[in-house]
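This report concerns only the one structure given below.
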Amino acid sequence: MKYLSTRGNAPEADFAEALLRGLAPDGGLYLPKAWPQLDANWFRAAAGRPYAELTREVLDLYIAGSLGPDASQKAVQRLTHTFHHEAVTPLVQLEPNLWLLELFHGPTAAFKDLAMQMMAPLSDAALEKTDERLLLLTATSGDTGAAAVRAFAGAERVSLAVLHPEGRVSPVQRRQMTTTVADNVLNLAVRGDFDDCQRLVKALLSDETLRAKSRVSSVNSINWGRLVGQIPYYIAAATAVGSPDRLPRFVVPTGNFGDAFAGLAAKRMGLPMGVMTAAVNSNDALARAVNDGVYRRTRAVHTASVSMDVQAPSNFERLVFESFDRDAEANRSFFETFADSGEATLSDNLLAGVRNEVAAVSVDEEETAREIQHAWKAYGRVICPHTAVALAAARRLDRHEGPVIALSTAHAAKFPESVSGALGFPPEEPSQIRAIEDRPERLTVIDADVTAVRAAVAELQNY
Ligand SMILES: *Cc1c(COP(=O)(O)O)cnc(C)c1O
């Protein structure tokens with residue numbers, strides 16, 4: 001299988017190349033040239049299968065021989081070894097036709113572990129093929145960096161630099177990054193905000209001196225390797241509680257639209273499912289695009305569901321490309337207009353295509369807090385603010401039509417301030433968070449200055 005770019009001006013790549021590049025050379029995002037298909041019998045038999053087994057079959061369709069035969073095996077072994085639940089992604093029933101899909105049983109207690117844990121062994125396998133090394137750079141507001149550090153610590157051919165804004169990630173998230181003892185990981189606490197971190201990463205991703213020494217890439221969800229690892233849980237959940245005549249509908253708490261797009265990929269593979277709902281917080285650029293037909297950039301505001309504080313969701317481009325029936329020309333022109341003017345209007349055709357895939361709703365801060373309270377009172381469950389955004393949106397849907405599955409993307413203990421604010425008591429910590437409480441931390445505080453950061457990162461490259 002080959003991968004193409006949503007901008008249509010890049011050579012086709014195999015899985016290994018798409019994984020190591022992240023962004024395509026023409027600035028587009030990679031997608032499979034044709035969606036692998038699974039038939040109705042396969043989906044019927046998928047219900048209740050061991051998660052690792054199902055995941056391996058899905059991965060192999062996308063890797064399509066571009067890595068050695070044991071690469072996918074090593075990847076799924078990570079799930080069985082590092083997750084704290086036998087089912088990996090258990091489904092919990094809250095009410096008739098209302099389910100919560102728990103994605104937080106991994107080492108950093110957020111759903112990003114699912115893809116990231118597998119991406120590390122897959123990257124090592126891809127680098128081994130060509131005997132290369134890779135420098136990964138990532139800016140994080142918390143969850144991505146933590147999941148990346150835990151996944152890539154000790155990777156053989158990869159070094160990882162994580163930039164977080166000093167003092168602006170939660171103590172739990174910081175410790176998940178800084179308590180690693182691996183020499184291939186560098187934690188930089190930047191004197192600045194998240195945008196500064198992003199700007200620095202962007203500058204260094206194209207830095208020629210770094211690129212002369214190794215491959216340089218990032219681990220955010222523009223990378224197809226992230227999304228592919230999120231497809232299997234949609235299949236596992238949909239086949240467990242839905243069927244072709246009772247189509248399950250997913251409600252996905254959304255920031256960069258990576259997780260939601262993985263669900264749409266599962267649908268493209270043939271998975272029977274109804275229209276998905278993307279639930280956003282007050283950062284509602286996506287909801288305005290889907291509902292009003294105008295995609296407009298505004299400044300992100302801070303909310304309780306911080307990992308969704310995104311105003312230009314990177315994977316919106318994949319949705320637009322698919323909704324344009326893969327017209328790369330039209331897609332390129334749409335995103336060039338957006339980049340130039342901060343605004344792009346969706347044509348009637350495009351809008352109809354987008355609405356065919358996804359509905360979008362915004363849940364504000366007050367409703368998020370009320371939902372955390374409701375989940376505690378009605379179900380005895382302490383949920384995180386991201387999960388609350390999804391659950392609030394899920395409870396607005398008519399559940400007579402069939403099962404509704406809200407994605408629970410993080411454990412409440414990662415966001416103790418907002419959860420205690422809503423409930424009046426702090427969430428209980430799971431063992432993977434308690435375990436790092438007293439470990440020593442390692443981090444380098446650094447100015448938001450490209451020269452200083454480049455020097456620190458170059459040293460990591462030599463380690
Ligand atoms: C990253 C994240 C999200 C948003 O996922 P996207 O793929 O960016 O849409 C939602 N919830 C949690 C807890 C996250 O860490």
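In the structure tokens, chains take letters A, B, ... by order of appearance, with residues numbered from 1 within each chain and ligands from 1 in the order shown.
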
All residues within 7 Å of ligand 1 are required, counting only C-alpha atoms and all ligand atoms; please report them as a list of chain:residue names.
A:Ala110, A:Phe111, A:Lys112, A:Asp143, A:Thr144, A:Ser221, A:Pro253, A:Thr254, A:Gly255, A:Asn256, A:Phe257, A:Gly258, A:Asp259, A:Ala260, A:Ser307, A:Met308, A:His386, A:Thr409, A:Ala410

Residues within 9 Å of Thr138 of chain A, only C-alpha atoms, excluding chain neighbours under 2 positions, as number ranges by chain:
A: 136, 140, 144-145, 148, 160-164, 197-198, 201, 217-220

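Of note, atom CA of Glu128 of chain A and atom CA of Leu61 of chain A are spaced 20.6 Å apart.
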
Excluding same-chain residues fewer than 3 positions from Phe15 of chain A, what lies within 7 Å of it counting only C-alpha atoms, as a PyMOL selection string?
chain A and resi 3+18-19+62-63+66

Long-range neighbours of Ala34 of chain A as a ChimeraX atom specification, 10 Å cut-off, only C-alpha atoms, 2 positions minimum in chain:
/A:1-4,31-32,36-37,268-269

Since we have the selection now, will you write its residues out, keeping N, CA and C atoms, as a PDB file, in the first residue's frame?
```pdb
ATOM      1  N   MET A   1       0.824  -1.196   0.000  1.00  0.00           N
ATOM      2  CA  MET A   1       0.000   0.000   0.000  1.00  0.00           C
ATOM      3  C   MET A   1       0.868   1.259   0.000  1.00  0.00           C
ATOM      4  N   LYS A   2       0.438   2.228  -0.770  1.00  0.00           N
ATOM      5  CA  LYS A   2       1.171   3.488  -0.824  1.00  0.00           C
ATOM      6  C   LYS A   2       0.373   4.585  -0.138  1.00  0.00           C
ATOM      7  N   TYR A   3       1.078   5.639   0.252  1.00  0.00           N
ATOM      8  CA  TYR A   3       0.452   6.798   0.893  1.00  0.00           C
ATOM      9  C   TYR A   3       0.641   8.021   0.008  1.00  0.00           C
ATOM     10  N   LEU A   4      -0.398   8.847  -0.064  1.00  0.00           N
ATOM     11  CA  LEU A   4      -0.297  10.069  -0.853  1.00  0.00           C
ATOM     12  C   LEU A   4      -0.504  11.275   0.054  1.00  0.00           C
ATOM     13  N   LEU A  31      -2.188  10.108   3.587  1.00  0.00           N
ATOM     14  CA  LEU A  31      -3.334   9.203   3.715  1.00  0.00           C
ATOM     15  C   LEU A  31      -3.084   8.000   2.815  1.00  0.00           C
ATOM     16  N   PRO A  32      -3.647   6.837   3.165  1.00  0.00           N
ATOM     17  CA  PRO A  32      -3.491   5.690   2.275  1.00  0.00           C
ATOM     18  C   PRO A  32      -4.113   5.993   0.918  1.00  0.00           C
ATOM     19  N   PRO A  36      -7.914   0.267   2.972  1.00  0.00           N
ATOM     20  CA  PRO A  36      -8.029  -1.189   3.033  1.00  0.00           C
ATOM     21  C   PRO A  36      -9.452  -1.572   3.449  1.00  0.00           C
ATOM     22  N   GLN A  37      -9.969  -2.641   2.871  1.00  0.00           N
ATOM     23  CA  GLN A  37     -11.348  -3.023   3.147  1.00  0.00           C
ATOM     24  C   GLN A  37     -11.427  -4.303   3.970  1.00  0.00           C
ATOM     25  N   ARG A 268     -14.373   4.099   6.767  1.00  0.00           N
ATOM     26  CA  ARG A 268     -13.926   3.917   5.380  1.00  0.00           C
ATOM     27  C   ARG A 268     -13.496   2.473   5.106  1.00  0.00           C
ATOM     28  N   MET A 269     -13.047   1.791   6.160  1.00  0.00           N
ATOM     29  CA  MET A 269     -12.645   0.386   5.990  1.00  0.00           C
ATOM     30  C   MET A 269     -13.842  -0.551   5.937  1.00  0.00           C
TER      31      MET A 269
END
```
